[in-house]
>>> print(open('final.cif').read())   # mmCIF, C-alpha atoms and all ligand atoms
data_coords
loop_
_atom_site.group_PDB
_atom_site.id
_atom_site.type_symbol
_atom_site.label_atom_id
_atom_site.label_comp_id
_atom_site.auth_asym_id
_atom_site.auth_seq_id
_atom_site.Cartn_x
_atom_site.Cartn_y
_atom_site.Cartn_z
ATOM 1 C CA MET A 1 34.210 8.782 -22.197
ATOM 2 C CA MET A 2 35.750 10.723 -19.312
ATOM 3 C CA THR A 3 33.634 11.919 -16.373
ATOM 4 C CA GLY A 4 34.549 15.123 -14.576
ATOM 5 C CA PHE A 5 34.306 15.425 -10.811
ATOM 6 C CA PHE A 6 34.786 17.909 -7.987
ATOM 7 C CA LYS A 7 36.557 16.697 -4.860
ATOM 8 C CA MET A 8 35.033 18.635 -1.948
ATOM 9 C CA HIS A 9 34.820 18.459 1.826
ATOM 10 C CA GLY A 10 32.994 19.888 4.803
ATOM 11 C CA LEU A 11 35.185 19.667 7.917
ATOM 12 C CA GLY A 12 37.116 16.755 6.407
ATOM 13 C CA ASN A 13 33.968 14.738 5.571
ATOM 14 C CA ASP A 14 34.899 14.358 1.909
ATOM 15 C CA PHE A 15 32.968 13.914 -1.315
ATOM 16 C CA VAL A 16 33.299 13.173 -4.987
ATOM 17 C CA VAL A 17 30.669 15.271 -6.764
ATOM 18 C CA VAL A 18 29.632 14.345 -10.320
ATOM 19 C CA ASP A 19 27.453 16.660 -12.400
ATOM 20 C CA GLU A 20 24.859 14.643 -14.325
ATOM 21 C CA ARG A 21 22.624 17.572 -15.270
ATOM 22 C CA THR A 22 23.356 17.280 -18.962
ATOM 23 C CA HIS A 23 24.681 13.716 -19.277
ATOM 24 C CA ARG A 24 24.261 10.495 -17.235
ATOM 25 C CA HIS A 25 27.407 8.522 -16.396
ATOM 26 C CA ASP A 26 26.365 4.870 -15.752
ATOM 27 C CA LEU A 27 27.174 5.058 -12.037
ATOM 28 C CA THR A 28 25.971 1.795 -10.483
ATOM 29 C CA PRO A 29 26.218 1.162 -6.698
ATOM 30 C CA ALA A 30 29.161 -1.214 -7.262
ATOM 31 C CA ARG A 31 30.968 1.370 -9.389
ATOM 32 C CA ILE A 32 30.319 4.106 -6.816
ATOM 33 C CA ALA A 33 31.737 1.879 -4.048
ATOM 34 C CA ALA A 34 34.832 1.211 -6.181
ATOM 35 C CA LEU A 35 35.309 4.944 -6.855
ATOM 36 C CA CYS A 36 34.976 5.701 -3.118
ATOM 37 C CA ASP A 37 37.783 3.259 -2.242
ATOM 38 C CA ARG A 38 40.747 5.259 -0.888
ATOM 39 C CA HIS A 39 43.332 2.768 -2.172
ATOM 40 C CA THR A 40 42.027 1.775 -5.601
ATOM 41 C CA GLY A 41 39.550 4.565 -6.472
ATOM 42 C CA ILE A 42 39.422 8.345 -6.027
ATOM 43 C CA GLY A 43 38.569 7.989 -2.334
ATOM 44 C CA CYS A 44 35.819 9.716 -0.341
ATOM 45 C CA ASP A 45 33.267 9.231 2.446
ATOM 46 C CA GLN A 46 30.284 9.992 0.185
ATOM 47 C CA PHE A 47 29.633 10.130 -3.560
ATOM 48 C CA VAL A 48 27.247 12.862 -4.724
ATOM 49 C CA THR A 49 25.419 13.205 -8.053
ATOM 50 C CA LEU A 50 23.685 16.297 -9.426
ATOM 51 C CA ARG A 51 20.709 15.992 -11.766
ATOM 52 C CA PRO A 52 18.129 18.485 -13.056
ATOM 53 C CA ALA A 53 15.627 19.484 -10.372
ATOM 54 C CA CYS A 54 11.926 18.712 -10.809
ATOM 55 C CA ALA A 55 10.645 20.281 -7.555
ATOM 56 C CA GLN A 56 9.490 23.857 -7.187
ATOM 57 C CA GLY A 57 12.108 26.140 -5.648
ATOM 58 C CA ALA A 58 14.966 23.729 -6.330
ATOM 59 C CA ASP A 59 17.996 24.464 -8.523
ATOM 60 C CA VAL A 60 19.337 20.920 -8.589
ATOM 61 C CA PHE A 61 18.405 17.368 -7.567
ATOM 62 C CA VAL A 62 21.126 16.002 -5.283
ATOM 63 C CA ARG A 63 21.660 12.305 -4.458
ATOM 64 C CA PHE A 64 23.996 11.092 -1.711
ATOM 65 C CA PHE A 65 25.714 7.682 -1.711
ATOM 66 C CA ASN A 66 27.810 6.166 1.054
ATOM 67 C CA ALA A 67 31.236 4.603 0.486
ATOM 68 C CA ASP A 68 29.597 1.157 0.345
ATOM 69 C CA GLY A 69 27.389 2.301 -2.565
ATOM 70 C CA THR A 70 24.128 2.577 -0.562
ATOM 71 C CA GLU A 71 22.001 5.708 -0.912
ATOM 72 C CA SER A 72 21.037 8.086 1.896
ATOM 73 C CA GLY A 73 18.236 10.661 2.001
ATOM 74 C CA ALA A 74 20.436 13.309 3.591
ATOM 75 C CA CYS A 75 24.005 14.502 3.993
ATOM 76 C CA GLY A 76 24.482 17.822 5.759
ATOM 77 C CA ASN A 77 28.125 18.443 4.880
ATOM 78 C CA ALA A 78 27.621 17.559 1.199
ATOM 79 C CA SER A 79 24.549 19.813 1.066
ATOM 80 C CA ARG A 80 26.706 22.795 2.060
ATOM 81 C CA CYS A 81 29.314 21.826 -0.549
ATOM 82 C CA VAL A 82 26.768 21.511 -3.375
ATOM 83 C CA ALA A 83 25.175 24.836 -2.379
ATOM 84 C CA ASP A 84 28.622 26.479 -2.487
ATOM 85 C CA LEU A 85 29.256 24.978 -5.943
ATOM 86 C CA LEU A 86 25.896 26.175 -7.302
ATOM 87 C CA ALA A 87 26.307 29.608 -5.729
ATOM 88 C CA ARG A 88 29.621 30.062 -7.503
ATOM 89 C CA GLU A 89 28.091 28.819 -10.774
ATOM 90 C CA THR A 90 25.027 31.083 -10.624
ATOM 91 C CA GLY A 91 26.395 34.065 -8.699
ATOM 92 C CA ARG A 92 23.425 33.788 -6.312
ATOM 93 C CA ASP A 93 23.592 33.526 -2.532
ATOM 94 C CA SER A 94 20.448 31.465 -2.095
ATOM 95 C CA ILE A 95 20.191 27.920 -3.500
ATOM 96 C CA GLY A 96 17.403 25.311 -3.438
ATOM 97 C CA LEU A 97 18.517 21.673 -3.146
ATOM 98 C CA GLN A 98 16.049 18.936 -4.022
ATOM 99 C CA THR A 99 16.915 15.795 -2.026
ATOM 100 C CA ARG A 100 15.081 12.529 -1.358
ATOM 101 C CA ALA A 101 14.130 14.046 2.020
ATOM 102 C CA GLY A 102 12.621 17.208 0.480
ATOM 103 C CA VAL A 103 13.761 20.605 -0.795
ATOM 104 C CA LEU A 104 16.421 22.237 1.413
ATOM 105 C CA HIS A 105 17.212 25.945 1.241
ATOM 106 C CA ALA A 106 20.813 27.026 1.544
ATOM 107 C CA THR A 107 22.208 30.514 2.112
ATOM 108 C CA ILE A 108 25.755 31.665 1.492
ATOM 109 C CA VAL A 109 26.896 33.489 4.643
ATOM 110 C CA ARG A 110 30.184 34.463 2.972
ATOM 111 C CA PRO A 111 32.319 32.657 0.374
ATOM 112 C CA GLY A 112 32.947 29.124 1.663
ATOM 113 C CA MET A 113 30.567 29.450 4.636
ATOM 114 C CA VAL A 114 27.047 28.102 4.155
ATOM 115 C CA THR A 115 23.852 27.745 6.175
ATOM 116 C CA VAL A 116 21.500 24.929 5.177
ATOM 117 C CA ASP A 117 17.958 24.735 6.488
ATOM 118 C CA MET A 118 17.820 20.983 7.126
ATOM 119 C CA GLY A 119 14.058 21.097 7.688
ATOM 120 C CA LEU A 120 12.048 19.428 10.415
ATOM 121 C CA PRO A 121 13.506 16.604 12.505
ATOM 122 C CA ARG A 122 11.295 13.488 12.433
ATOM 123 C CA GLN A 123 10.847 12.285 16.006
ATOM 124 C CA GLY A 124 8.299 9.473 15.627
ATOM 125 C CA TRP A 125 9.558 5.859 15.865
ATOM 126 C CA ALA A 126 8.173 4.928 12.432
ATOM 127 C CA GLU A 127 9.790 7.990 10.844
ATOM 128 C CA VAL A 128 13.336 7.178 12.050
ATOM 129 C CA PRO A 129 12.568 4.291 11.244
ATOM 130 C CA LEU A 130 12.692 1.858 14.183
ATOM 131 C CA ALA A 131 11.636 -1.796 13.971
ATOM 132 C CA HIS A 132 8.822 -1.418 16.514
ATOM 133 C CA ALA A 133 7.011 1.223 18.523
ATOM 134 C CA CYS A 134 9.098 2.752 21.310
ATOM 135 C CA ASP A 135 10.041 6.071 22.887
ATOM 136 C CA THR A 136 12.622 7.622 20.533
ATOM 137 C CA LEU A 137 14.013 9.700 23.404
ATOM 138 C CA HIS A 138 15.073 6.555 25.294
ATOM 139 C CA LEU A 139 15.744 3.596 23.024
ATOM 140 C CA PRO A 140 15.751 0.126 24.604
ATOM 141 C CA ILE A 141 19.490 -0.251 23.943
ATOM 142 C CA THR A 142 22.270 -0.327 26.562
ATOM 143 C CA GLY A 143 23.638 3.196 26.993
ATOM 144 C CA ASP A 144 20.205 4.849 26.571
ATOM 145 C CA PRO A 145 20.590 6.513 23.129
ATOM 146 C CA ALA A 146 17.927 8.780 21.573
ATOM 147 C CA ALA A 147 16.830 8.552 17.931
ATOM 148 C CA VAL A 148 15.665 11.034 15.307
ATOM 149 C CA SER A 149 15.619 11.278 11.518
ATOM 150 C CA MET A 150 17.083 14.267 9.697
ATOM 151 C CA GLY A 151 16.067 12.675 6.401
ATOM 152 C CA ASN A 152 18.346 9.801 7.441
ATOM 153 C CA PRO A 153 18.313 7.708 10.645
ATOM 154 C CA HIS A 154 20.386 8.765 13.644
ATOM 155 C CA ALA A 155 20.874 7.501 17.196
ATOM 156 C CA THR A 156 22.809 9.624 19.684
ATOM 157 C CA PHE A 157 24.531 8.357 22.836
ATOM 158 C CA PHE A 158 25.224 10.953 25.539
ATOM 159 C CA LEU A 159 28.505 10.050 27.199
ATOM 160 C CA THR A 160 29.562 10.849 30.761
ATOM 161 C CA ALA A 161 33.162 11.385 29.559
ATOM 162 C CA PRO A 162 34.388 12.294 26.023
ATOM 163 C CA ASP A 163 35.976 8.884 25.431
ATOM 164 C CA ALA A 164 33.537 6.722 27.400
ATOM 165 C CA MET A 165 32.670 4.812 24.189
ATOM 166 C CA ALA A 166 34.888 4.294 21.132
ATOM 167 C CA PRO A 167 32.884 4.784 17.882
ATOM 168 C CA GLU A 168 35.109 2.426 15.907
ATOM 169 C CA VAL A 169 34.494 -0.333 18.475
ATOM 170 C CA ALA A 170 30.797 0.179 19.290
ATOM 171 C CA GLY A 171 29.697 1.697 15.952
ATOM 172 C CA PRO A 172 29.739 -1.288 13.569
ATOM 173 C CA GLU A 173 27.436 -3.445 15.710
ATOM 174 C CA LEU A 174 25.102 -0.568 16.645
ATOM 175 C CA GLU A 175 24.758 0.482 12.971
ATOM 176 C CA HIS A 176 23.276 -2.996 12.333
ATOM 177 C CA HIS A 177 21.230 -3.264 15.566
ATOM 178 C CA PRO A 178 17.888 -5.042 14.905
ATOM 179 C CA LEU A 179 16.015 -1.944 16.151
ATOM 180 C CA PHE A 180 17.197 -0.123 12.979
ATOM 181 C CA PRO A 181 15.627 -1.791 9.917
ATOM 182 C CA GLU A 182 17.454 0.635 7.574
ATOM 183 C CA ARG A 183 20.597 0.620 9.749
ATOM 184 C CA ALA A 184 21.525 3.924 11.453
ATOM 185 C CA ASN A 185 24.200 6.564 11.893
ATOM 186 C CA ILE A 186 25.497 6.361 15.465
ATOM 187 C CA GLY A 187 26.577 9.541 17.273
ATOM 188 C CA PHE A 188 28.668 9.672 20.447
ATOM 189 C CA ALA A 189 28.185 13.050 22.128
ATOM 190 C CA HIS A 190 29.679 14.608 25.237
ATOM 191 C CA ILE A 191 28.025 17.768 26.513
ATOM 192 C CA ALA A 192 30.700 20.330 27.341
ATOM 193 C CA ALA A 193 28.411 23.281 28.169
ATOM 194 C CA ARG A 194 24.819 24.464 27.600
ATOM 195 C CA ASP A 195 25.929 25.648 24.138
ATOM 196 C CA ALA A 196 28.700 23.229 23.172
ATOM 197 C CA MET A 197 29.185 19.516 22.669
ATOM 198 C CA ARG A 198 31.859 17.170 21.363
ATOM 199 C CA LEU A 199 30.623 14.650 18.786
ATOM 200 C CA ARG A 200 31.990 11.680 16.874
ATOM 201 C CA VAL A 201 29.814 9.790 14.406
ATOM 202 C CA TRP A 202 30.024 6.257 13.101
ATOM 203 C CA GLU A 203 28.268 6.711 9.749
ATOM 204 C CA ARG A 204 26.038 4.122 8.184
ATOM 205 C CA GLY A 205 27.754 2.798 5.070
ATOM 206 C CA SER A 206 30.919 4.875 5.505
ATOM 207 C CA GLY A 207 32.290 4.236 9.009
ATOM 208 C CA LEU A 208 33.939 6.817 11.257
ATOM 209 C CA THR A 209 34.163 10.174 9.456
ATOM 210 C CA ARG A 210 35.810 13.421 10.570
ATOM 211 C CA ALA A 211 32.428 15.167 10.724
ATOM 212 C CA CYS A 212 28.757 14.444 10.061
ATOM 213 C CA GLY A 213 26.401 17.369 9.406
ATOM 214 C CA SER A 214 23.113 15.518 9.769
ATOM 215 C CA GLY A 215 24.608 13.747 12.825
ATOM 216 C CA ALA A 216 25.378 17.127 14.397
ATOM 217 C CA CYS A 217 21.776 18.257 13.765
ATOM 218 C CA ALA A 218 20.441 15.016 15.243
ATOM 219 C CA ALA A 219 22.688 15.292 18.313
ATOM 220 C CA VAL A 220 21.529 18.854 19.046
ATOM 221 C CA VAL A 221 17.856 17.958 18.531
ATOM 222 C CA ASN A 222 18.187 14.958 20.850
ATOM 223 C CA ALA A 223 20.146 16.986 23.434
ATOM 224 C CA VAL A 224 17.510 19.755 23.407
ATOM 225 C CA ARG A 225 14.739 17.153 23.798
ATOM 226 C CA ARG A 226 16.578 15.863 26.872
ATOM 227 C CA GLY A 227 17.062 19.380 28.251
ATOM 228 C CA LEU A 228 20.867 19.159 28.008
ATOM 229 C CA VAL A 229 21.637 22.164 25.751
ATOM 230 C CA GLU A 230 20.101 25.390 24.457
ATOM 231 C CA ARG A 231 18.559 25.512 20.989
ATOM 232 C CA THR A 232 21.749 26.952 19.487
ATOM 233 C CA CYS A 233 24.794 24.802 20.077
ATOM 234 C CA THR A 234 28.329 24.511 18.681
ATOM 235 C CA VAL A 235 29.172 20.935 17.757
ATOM 236 C CA VAL A 236 32.889 20.177 17.845
ATOM 237 C CA MET A 237 33.912 17.188 15.718
ATOM 238 C CA ASP A 238 37.323 15.763 14.739
ATOM 239 C CA GLY A 239 37.339 17.892 11.562
ATOM 240 C CA GLY A 240 36.070 21.141 13.114
ATOM 241 C CA GLU A 241 32.921 22.925 14.234
ATOM 242 C CA LEU A 242 29.348 23.404 13.082
ATOM 243 C CA VAL A 243 26.810 25.755 14.626
ATOM 244 C CA ILE A 244 23.377 24.148 14.854
ATOM 245 C CA THR A 245 20.159 25.984 15.689
ATOM 246 C CA TRP A 246 16.868 24.188 16.275
ATOM 247 C CA ARG A 247 14.554 27.138 15.599
ATOM 248 C CA GLU A 248 11.685 27.506 18.021
ATOM 249 C CA ASP A 249 9.129 29.252 15.781
ATOM 250 C CA ASP A 250 8.935 26.739 12.916
ATOM 251 C CA GLY A 251 10.884 23.748 14.288
ATOM 252 C CA HIS A 252 13.448 23.793 11.445
ATOM 253 C CA VAL A 253 17.086 22.875 12.065
ATOM 254 C CA LEU A 254 19.743 25.226 10.661
ATOM 255 C CA MET A 255 23.307 24.067 10.123
ATOM 256 C CA THR A 256 26.162 26.523 9.471
ATOM 257 C CA GLY A 257 29.692 25.566 8.494
ATOM 258 C CA PRO A 258 32.373 25.554 5.799
ATOM 259 C CA ALA A 259 32.385 24.086 2.294
ATOM 260 C CA VAL A 260 35.672 23.563 0.452
ATOM 261 C CA THR A 261 36.682 22.439 -3.051
ATOM 262 C CA SER A 262 39.988 20.515 -2.875
ATOM 263 C CA PHE A 263 40.516 19.788 -6.562
ATOM 264 C CA THR A 264 38.821 18.739 -9.790
ATOM 265 C CA GLY A 265 39.615 15.760 -11.976
ATOM 266 C CA THR A 266 38.347 13.153 -14.422
ATOM 267 C CA PHE A 267 37.907 9.382 -14.399
ATOM 268 C CA SER A 268 36.731 6.788 -16.852
ATOM 269 C CA PRO A 269 33.717 4.846 -15.414
ATOM 270 C CA GLU A 270 34.625 1.813 -17.574
ATOM 271 C CA ASP A 271 37.835 1.430 -15.555
ATOM 272 C CA TYR A 272 35.706 0.450 -12.528
ATOM 273 C CA PRO A 273 33.591 -2.717 -12.111
ATOM 274 C CA ARG A 274 29.949 -2.250 -13.005
HETATM 275 N N1 LIG A 301 28.202 12.660 6.191
HETATM 276 C C1 LIG A 301 26.849 12.928 6.177
HETATM 277 C C2 LIG A 301 25.849 11.834 6.254
HETATM 278 C C3 LIG A 301 25.971 10.861 5.067
HETATM 279 C C4 LIG A 301 24.893 9.815 4.979
HETATM 280 C C5 LIG A 301 24.873 8.831 6.125
HETATM 281 N N2 LIG A 301 26.075 8.055 6.234
HETATM 282 C C6 LIG A 301 23.647 7.920 5.976
HETATM 283 O O1 LIG A 301 23.776 6.779 5.477
HETATM 284 O O2 LIG A 301 22.557 8.342 6.333
HETATM 285 C C7 LIG A 301 26.436 14.248 6.769
HETATM 286 O O3 LIG A 301 27.277 15.172 6.774
HETATM 287 O O4 LIG A 301 25.274 14.411 7.134
#
>>> encode(input="final.cif", output="structure tokens", more="lines below")
Ligand SMILES: N[C@@H](CCC[C@H](N)C(=O)O)C(=O)O
Amino acid sequence: MMTGFFKMHGLGNDFVVVDERTHRHDLTPARIAALCDRHTGIGCDQFVTLRPACAQGADVFVRFFNADGTESGACGNASRCVADLLARETGRDSIGLQTRAGVLHATIVRPGMVTVDMGLPRQGWAEVPLAHACDTLHLPITGDPAAVSMGNPHATFFLTAPDAMAPEVAGPELEHHPLFPERANIGFAHIAARDAMRLRVWERGSGLTRACGSGACAAVVNAVRRGLVERTCTVVMDGGELVITWREDDGHVLMTGPAVTSFTGTFSPEDYPR
């Protein structure tokens, strides 16, 4: 039986989205990893499945998988893409996304431009999670990164020059640092102004991507905690820009940026190893 998919991206962070609301498709972690392979599969940074929602206020239950087949609680760029998809399906401009990290509310700013309320950042060491108690604003790792969870674990390094650290060199080891029991996404940020930063992210389970939405939220939260930027900040990544606001009144983080459908297609799950 053929499975339909949407190929989507947010700032070049790309996804295969499979709708399982009416029919499950036997998508094991190994099969997802094979489908994510850019040479022998469809190719994408993350694989996303949609199932019926069971939480109040949610239109759909969204699951995010990395290219290695592991699951993550959050994916900012894919959240915008799924909201855009559902908005076009329903004709509404407000969509509730149930994720493993909670229900996120998305608003369509205009066609193809979406704001997602990514909720509260988790700043406690056990919430990130870290392997032992320590100050999440100054991790005991060379380079002095800060950590926070946006529903998934992030560490952010603040660089003195844009290319002071190369994500593809430092990222793989840091992702597996013993301080991160669930591994971590590693951000490399350079503050350009009080309202702008440059960011590259080595993503857990997917490697260097062109943009990371949750990583951008984490970088702004960590930069605000360190007094480096204002609460609204433009994050410039290889694939383009996101505007992130860490709202003062309720502590929620809002992420605004594009969502694009590249093409649709079909595949046969049985053609990929289970
Ligand atoms: N690209 C994402 C994050 C995807 C999940 C991440 N690699 C993890 O394992 O937590 C984004 O846009 O947030």
>>> residues_near_ligand(input="final.cif", ligand="ligand LIG 301 (chain A)", cutoff="6 Å", atoms="only C-alpha atoms and all ligand atoms", output="MDAnalysis selection string")
chainID A and resid 66 72 74:77 152 203:206 212:215
>>> write_last_selection(input="final.cif", atoms="C-alpha atoms", output="mmCIF file, in the frame of the given file")
data_model
loop_
_atom_site.group_PDB
_atom_site.id
_atom_site.type_symbol
_atom_site.label_atom_id
_atom_site.label_comp_id
_atom_site.auth_asym_id
_atom_site.auth_seq_id
_atom_site.Cartn_x
_atom_site.Cartn_y
_atom_site.Cartn_z
ATOM 1 C CA ASN A 66 27.810 6.166 1.054
ATOM 2 C CA SER A 72 21.037 8.086 1.896
ATOM 3 C CA ALA A 74 20.436 13.309 3.591
ATOM 4 C CA CYS A 75 24.005 14.502 3.993
ATOM 5 C CA GLY A 76 24.482 17.822 5.759
ATOM 6 C CA ASN A 77 28.125 18.443 4.880
ATOM 7 C CA ASN A 152 18.346 9.801 7.441
ATOM 8 C CA GLU A 203 28.268 6.711 9.749
ATOM 9 C CA ARG A 204 26.038 4.122 8.184
ATOM 10 C CA GLY A 205 27.754 2.798 5.070
ATOM 11 C CA SER A 206 30.919 4.875 5.505
ATOM 12 C CA CYS A 212 28.757 14.444 10.061
ATOM 13 C CA GLY A 213 26.401 17.369 9.406
ATOM 14 C CA SER A 214 23.113 15.518 9.769
ATOM 15 C CA GLY A 215 24.608 13.747 12.825
#
>>> resolve_selection(input="final.cif", expression="the PyMOL selection byres (((chain A and resi 34-37) around 9) and not hetatm)", output="number ranges by chain")
A: 15-16, 29-33, 38-47, 66-69, 269, 272-273
>>> resolve_selection(input="final.cif", expression="the PyMOL selection byres (((chain A and resi 106) around 7) and not hetatm)", output="list in words")
Ala83, Ser94, Ile95, Gly96, Leu104, His105, Thr107, Ile108, Val114, Thr115, Val116 and Asp117 of chain A
>>> closest_residue(input="final.cif", among="A:Val18, A:Cys217, A:Ala189, A:Cys54", to="A:Thr264", atoms="all atoms listed in the file")
A:Val18
>>> atom_distance(input="final.cif", atom1="atom CA of A:Gly112", atom2="atom CA of A:Glu89")
13.4 Å
>>> resolve_selection(input="final.cif", expression="the PyMOL selection byres (((chain A and resi 248) around 12) and not hetatm)", output="number ranges by chain")
A: 120, 221, 224, 230-232, 245-247, 249-254
>>> closest_residue(input="final.cif", among="A:His190, A:Arg51, A:Arg100, A:Arg210", to="A:Asn13", atoms="only C-alpha atoms")
A:Arg210
>>> atom_distance(input="final.cif", atom1="atom CA of A:Leu228", atom2="atom CA of A:His154")
17.7 Å
>>> residues_around(input="final.cif", residues="A:Asp19", least_positions_apart="6", cutoff="8 Å", atoms="all atoms listed in the file", output="PyMOL selection string")
chain A and resi 4-5+49-51
>>> closest_residue(input="final.cif", among="A:Leu97, A:Val220, A:Gly187, A:Gly119", to="A:Leu85", atoms="all atoms listed in the file")
A:Leu97
>>> closest_residue(input="final.cif", among="A:Pro167, A:Leu159, A:Val148, A:Ser268", to="A:Ala216", atoms="only C-alpha atoms")
A:Val148
>>> residues_around(input="final.cif", residues="stretch 237-242 of chain A", least_positions_apart="3", cutoff="8 Å", atoms="only C-alpha atoms", output="short mmCIF file (atom, residue, chain, number, x, y, z; two decimals) with C-alpha atoms, in the frame of the given file")
data_model
loop_
_atom_site.label_atom_id
_atom_site.label_comp_id
_atom_site.auth_asym_id
_atom_site.auth_seq_id
_atom_site.Cartn_x
_atom_site.Cartn_y
_atom_site.Cartn_z
CA LEU A 11 35.18 19.67 7.92
CA GLY A 12 37.12 16.76 6.41
CA ASN A 13 33.97 14.74 5.57
CA ARG A 198 31.86 17.17 21.36
CA LEU A 199 30.62 14.65 18.79
CA ARG A 200 31.99 11.68 16.87
CA ARG A 210 35.81 13.42 10.57
CA ALA A 211 32.43 15.17 10.72
CA GLY A 213 26.40 17.37 9.41
CA ALA A 216 25.38 17.13 14.40
CA THR A 234 28.33 24.51 18.68
CA MET A 255 23.31 24.07 10.12
CA THR A 256 26.16 26.52 9.47
CA GLY A 257 29.69 25.57 8.49
#
>>> atom_distance(input="final.cif", atom1="atom CA of A:Leu179", atom2="atom CA of A:Ala164")
22.6 Å
>>> closest_residue(input="final.cif", among="A:Ser262, A:Thr99, A:Thr142, A:Thr3", to="A:Val60", atoms="all atoms listed in the file")
A:Thr99
>>> closest_residue(input="final.cif", among="A:Asp93, A:Gly102, A:Leu27, A:Leu139", to="A:Ala53", atoms="all atoms listed in the file")
A:Gly102
>>> residues_around(input="final.cif", residues="A:Ala218", least_positions_apart="4", cutoff="8 Å", atoms="only C-alpha atoms", output="number ranges by chain")
A: 121, 147-150, 154-156, 214, 222
>>> decode(input="final.cif", residues="stretch 2-17 of chain A", atoms="N, CA and C atoms", output="mmCIF file, in the first residue's frame")
data_model
loop_
_atom_site.group_PDB
_atom_site.id
_atom_site.type_symbol
_atom_site.label_atom_id
_atom_site.label_comp_id
_atom_site.auth_asym_id
_atom_site.auth_seq_id
_atom_site.Cartn_x
_atom_site.Cartn_y
_atom_site.Cartn_z
ATOM 1 N N MET A 2 0.514 2.230 -0.816
ATOM 2 C CA MET A 2 1.321 3.446 -0.918
ATOM 3 C C MET A 2 0.970 4.430 0.203
ATOM 4 N N THR A 3 1.981 5.144 0.680
ATOM 5 C CA THR A 3 1.815 6.150 1.726
ATOM 6 C C THR A 3 2.087 7.526 1.128
ATOM 7 N N GLY A 4 1.166 8.441 1.324
ATOM 8 C CA GLY A 4 1.366 9.793 0.799
ATOM 9 C C GLY A 4 2.185 10.631 1.782
ATOM 10 N N PHE A 5 2.920 11.584 1.246
ATOM 11 C CA PHE A 5 3.672 12.480 2.138
ATOM 12 C C PHE A 5 3.709 13.890 1.566
ATOM 13 N N PHE A 6 3.946 14.841 2.454
ATOM 14 C CA PHE A 6 4.223 16.230 2.078
ATOM 15 C C PHE A 6 5.703 16.466 2.339
ATOM 16 N N LYS A 7 6.400 17.056 1.396
ATOM 17 C CA LYS A 7 7.778 17.479 1.648
ATOM 18 C C LYS A 7 7.701 18.978 1.929
ATOM 19 N N MET A 8 8.138 19.363 3.157
ATOM 20 C CA MET A 8 8.002 20.758 3.586
ATOM 21 C C MET A 8 9.331 21.267 4.146
ATOM 22 N N HIS A 9 9.455 22.565 4.285
ATOM 23 C CA HIS A 9 10.626 23.092 4.995
ATOM 24 C C HIS A 9 10.333 24.434 5.648
ATOM 25 N N GLY A 10 11.104 24.702 6.697
ATOM 26 C CA GLY A 10 11.104 26.014 7.336
ATOM 27 C C GLY A 10 12.536 26.502 7.298
ATOM 28 N N LEU A 11 12.826 27.481 6.453
ATOM 29 C CA LEU A 11 14.179 28.024 6.313
ATOM 30 C C LEU A 11 15.199 26.947 5.916
ATOM 31 N N GLY A 12 14.751 25.979 5.113
ATOM 32 C CA GLY A 12 15.680 24.958 4.627
ATOM 33 C C GLY A 12 15.881 23.801 5.590
ATOM 34 N N ASN A 13 15.278 23.868 6.771
ATOM 35 C CA ASN A 13 15.226 22.707 7.693
ATOM 36 C C ASN A 13 14.039 21.891 7.164
ATOM 37 N N ASP A 14 14.342 20.720 6.551
ATOM 38 C CA ASP A 14 13.291 20.070 5.762
ATOM 39 C C ASP A 14 12.710 18.811 6.394
ATOM 40 N N PHE A 15 11.457 18.543 5.991
ATOM 41 C CA PHE A 15 10.653 17.503 6.640
ATOM 42 C C PHE A 15 9.888 16.666 5.627
ATOM 43 N N VAL A 16 9.720 15.398 5.989
ATOM 44 C CA VAL A 16 8.719 14.553 5.336
ATOM 45 C C VAL A 16 7.581 14.435 6.335
ATOM 46 N N VAL A 17 6.384 14.819 5.918
ATOM 47 C CA VAL A 17 5.221 14.806 6.809
ATOM 48 C C VAL A 17 4.232 13.741 6.323
#
